[in-house]
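input17.cif follows (mmCIF, C-alpha atoms):
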data_input
loop_
_atom_site.group_PDB
_atom_site.id
_atom_site.type_symbol
_atom_site.label_atom_id
_atom_site.label_comp_id
_atom_site.auth_asym_id
_atom_site.auth_seq_id
_atom_site.Cartn_x
_atom_site.Cartn_y
_atom_site.Cartn_z
ATOM 1 C CA GLY A 64 -53.504 -44.622 -83.467
ATOM 2 C CA MET A 65 -50.516 -46.866 -83.237
ATOM 3 C CA THR A 66 -47.171 -46.314 -84.863
ATOM 4 C CA ARG A 67 -44.834 -49.196 -85.605
ATOM 5 C CA VAL A 68 -41.201 -48.189 -85.482
ATOM 6 C CA SER A 69 -38.099 -50.218 -86.223
ATOM 7 C CA VAL A 70 -35.334 -49.568 -83.721
ATOM 8 C CA GLY A 71 -32.779 -51.613 -85.597
ATOM 9 C CA ALA A 72 -31.464 -55.138 -85.756
ATOM 10 C CA LEU A 73 -31.751 -57.591 -82.888
ATOM 11 C CA ASP A 74 -28.078 -58.404 -83.384
ATOM 12 C CA ALA A 75 -27.174 -54.769 -82.721
ATOM 13 C CA LEU A 76 -28.573 -54.983 -79.183
ATOM 14 C CA THR A 77 -26.352 -56.273 -76.399
ATOM 15 C CA ASP A 78 -27.790 -59.415 -74.840
ATOM 16 C CA GLY A 79 -28.688 -58.863 -71.185
ATOM 17 C CA ALA A 80 -28.491 -55.091 -71.338
ATOM 18 C CA GLY A 81 -30.550 -52.007 -72.069
ATOM 19 C CA THR A 82 -30.256 -49.552 -74.919
ATOM 20 C CA ALA A 83 -31.922 -46.137 -74.933
ATOM 21 C CA VAL A 84 -33.672 -45.181 -78.145
ATOM 22 C CA GLU A 85 -35.515 -42.007 -79.084
ATOM 23 C CA VAL A 86 -38.796 -42.322 -80.932
ATOM 24 C CA GLY A 87 -40.324 -38.936 -81.579
ATOM 25 C CA ASP A 88 -40.326 -37.302 -78.166
ATOM 26 C CA GLU A 89 -40.380 -40.610 -76.294
ATOM 27 C CA ARG A 90 -37.270 -42.054 -74.724
ATOM 28 C CA ILE A 91 -37.547 -45.803 -74.614
ATOM 29 C CA ALA A 92 -35.302 -48.360 -72.957
ATOM 30 C CA VAL A 93 -35.017 -51.503 -75.070
ATOM 31 C CA PHE A 94 -33.751 -54.654 -73.362
ATOM 32 C CA ARG A 95 -32.582 -57.762 -75.138
ATOM 33 C CA ILE A 96 -32.792 -61.014 -73.186
ATOM 34 C CA GLY A 97 -31.628 -63.746 -75.515
ATOM 35 C CA ASP A 98 -34.018 -63.719 -78.450
ATOM 36 C CA SER A 99 -36.638 -61.714 -76.575
ATOM 37 C CA VAL A 100 -36.836 -57.940 -76.481
ATOM 38 C CA TYR A 101 -38.714 -55.793 -73.970
ATOM 39 C CA ALA A 102 -39.332 -52.057 -74.127
ATOM 40 C CA LEU A 103 -40.041 -49.746 -71.197
ATOM 41 C CA ALA A 104 -40.354 -46.005 -70.914
ATOM 42 C CA ASP A 105 -36.787 -44.942 -70.182
ATOM 43 C CA ARG A 106 -37.629 -43.186 -66.962
ATOM 44 C CA CYS A 107 -37.795 -44.700 -63.526
ATOM 45 C CA SER A 108 -41.185 -43.906 -61.982
ATOM 46 C CA HIS A 109 -39.474 -42.858 -58.753
ATOM 47 C CA ALA A 110 -36.828 -40.452 -60.037
ATOM 48 C CA GLU A 111 -35.662 -39.162 -63.385
ATOM 49 C CA ALA A 112 -33.159 -41.909 -64.061
ATOM 50 C CA SER A 113 -32.477 -43.835 -67.242
ATOM 51 C CA LEU A 114 -33.553 -47.444 -66.900
ATOM 52 C CA ALA A 115 -31.542 -48.325 -69.986
ATOM 53 C CA GLU A 116 -28.434 -47.829 -67.843
ATOM 54 C CA GLY A 117 -29.737 -50.132 -65.124
ATOM 55 C CA GLU A 118 -28.562 -53.609 -64.281
ATOM 56 C CA VAL A 119 -30.501 -56.502 -65.749
ATOM 57 C CA PHE A 120 -31.324 -59.708 -63.882
ATOM 58 C CA ASP A 121 -33.381 -62.117 -66.011
ATOM 59 C CA THR A 122 -36.400 -59.966 -66.917
ATOM 60 C CA GLU A 123 -35.902 -57.462 -64.113
ATOM 61 C CA VAL A 124 -34.115 -54.149 -64.457
ATOM 62 C CA GLU A 125 -32.738 -52.256 -61.502
ATOM 63 C CA CYS A 126 -32.746 -48.481 -61.638
ATOM 64 C CA PRO A 127 -29.182 -47.151 -61.513
ATOM 65 C CA ARG A 128 -30.051 -44.360 -59.089
ATOM 66 C CA HIS A 129 -31.934 -45.965 -56.237
ATOM 67 C CA GLY A 130 -32.036 -49.648 -57.036
ATOM 68 C CA ALA A 131 -35.781 -49.770 -57.658
ATOM 69 C CA GLY A 132 -36.572 -52.901 -59.602
ATOM 70 C CA PHE A 133 -39.051 -53.262 -62.452
ATOM 71 C CA ASP A 134 -40.436 -56.300 -64.211
ATOM 72 C CA MET A 135 -39.691 -55.535 -67.849
ATOM 73 C CA THR A 136 -42.471 -57.843 -69.036
ATOM 74 C CA THR A 137 -45.162 -55.765 -67.292
ATOM 75 C CA GLY A 138 -43.478 -52.554 -66.097
ATOM 76 C CA ALA A 139 -44.561 -53.385 -62.547
ATOM 77 C CA PRO A 140 -42.376 -52.164 -59.676
ATOM 78 C CA LEU A 141 -40.640 -55.010 -57.859
ATOM 79 C CA ALA A 142 -38.596 -53.139 -55.304
ATOM 80 C CA LEU A 143 -38.849 -49.871 -53.422
ATOM 81 C CA PRO A 144 -38.502 -46.935 -53.618
ATOM 82 C CA ALA A 145 -40.584 -47.175 -56.792
ATOM 83 C CA THR A 146 -44.279 -47.763 -56.260
ATOM 84 C CA LYS A 147 -45.661 -46.835 -59.681
ATOM 85 C CA PRO A 148 -45.278 -48.946 -62.791
ATOM 86 C CA VAL A 149 -43.450 -47.696 -65.850
ATOM 87 C CA ALA A 150 -45.006 -47.806 -69.297
ATOM 88 C CA THR A 151 -44.215 -50.791 -71.472
ATOM 89 C CA TYR A 152 -44.367 -50.977 -75.248
ATOM 90 C CA PRO A 153 -45.274 -53.978 -77.386
ATOM 91 C CA VAL A 154 -42.209 -55.331 -79.180
ATOM 92 C CA GLU A 155 -41.908 -57.798 -82.004
ATOM 93 C CA VAL A 156 -38.832 -59.181 -83.686
ATOM 94 C CA VAL A 157 -39.589 -59.489 -87.401
ATOM 95 C CA ASP A 158 -36.883 -60.943 -89.641
ATOM 96 C CA GLY A 159 -34.237 -59.867 -87.151
ATOM 97 C CA GLU A 160 -35.594 -56.312 -86.893
ATOM 98 C CA VAL A 161 -36.863 -54.993 -83.571
ATOM 99 C CA ILE A 162 -40.252 -53.322 -84.050
ATOM 100 C CA LEU A 163 -41.886 -51.231 -81.325
ATOM 101 C CA THR A 164 -45.528 -50.206 -81.272
ATOM 102 C CA ILE A 165 -46.056 -46.701 -79.905
ATOM 103 C CA ARG A 166 -49.474 -45.355 -78.958
ATOM 104 C CA GLU A 167 -50.041 -41.881 -80.319
ATOM 105 C CA ALA A 168 -51.123 -39.556 -77.527
ATOM 106 C CA SER A 169 -52.975 -37.045 -79.686
ATOM 107 C CA ASP A 170 -55.710 -39.126 -81.261
ATOM 108 C CA GLU A 171 -58.562 -36.654 -81.087
#

Once more with this new file: its structure as structure tokens, please.
Amino acid sequence: GMTRVSVGALDALTDGAGTAVEVGDERIAVFRIGDSVYALADRCSHAEASLAEGEVFDTEVECPRHGAGFDMTTGAPLALPATKPVATYPVEVVDGEVILTIREASDE
């Protein structure tokens, strides 16, 4: 199933930066770019680093540890050393609230 989770108000997020949120046992990096919000798994696919602490350039985030870049719209790696994508989460902004959709792993 899918779980919809509010992670707070759009206005509470810093424009052009990442914020780490915990949803259940998932750590998710939420990025606000103007009025758009993107959500990625908060773990670089190359090393255990928090992407929420990375630098943001347009819709790209650069891992703070090794400078691997990811496209936050797709999770695709843009720069080495990362070669694997990171998970992305659907995000909506509803009445100023940021809503993430999380896939439940245990569906059986």

### Query
Mind telling me what the PyMOL selection byres ((chain A and resi 97) around 12) catches here, as a ChimeraX atom specification?
/A:73-74,76-80,94-96,98-101,121-122,156

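Taken over the shown file, the PyMOL selection byres ((chain A and resi 88-91) around 9) identifies Thr82, Ala83, Val84, Glu85, Val86, Gly87, Ala92, Val93, Ala102, Leu103, Ala104, Asp105, Arg106, Leu114, Ala115, Thr151 and Tyr152 of chain A.
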
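If all atoms listed in the file are the atoms counted, then among A:Gly132, A:Ala112, A:Ala75, A:Val119 the closest residue to Thr146 (chain A) is A:Gly132.
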
### Message
Between CA of Gly71 (chain A) and CA of Ala150 (chain A), what is the distance in Å, rounded to a tenth?
### Response
20.7 Å

## Note on the structure
From the list A:Gly81, A:Thr137, A:Val68, A:Lys147, the nearest residue to Gly117 (chain A) using all atoms listed in the file is A:Gly81

So that all listed atoms of region 151-154 of chain A fit with 6 Å spare on each side, what axis-aligned box centre and edge lengths in Å, to one decimal, would you give as lines of an AutoDock Vina configuration file?
center_x = -43.7
center_y = -53.1
center_z = -75.3
size_x = 15.1
size_y = 16.5
size_z = 19.7

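Between CA of Val124 (chain A) and CA of Val161 (chain A) lies a distance of 19.3 Å.
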
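Between CA of Thr66 (chain A) and CA of Glu125 (chain A) the separation is 28.1 Å.
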
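Nearest residue to Ile162 (chain A) among A:Ala139, A:Val70, A:Ala131, A:Met65 is A:Val70, counting only C-alpha atoms.
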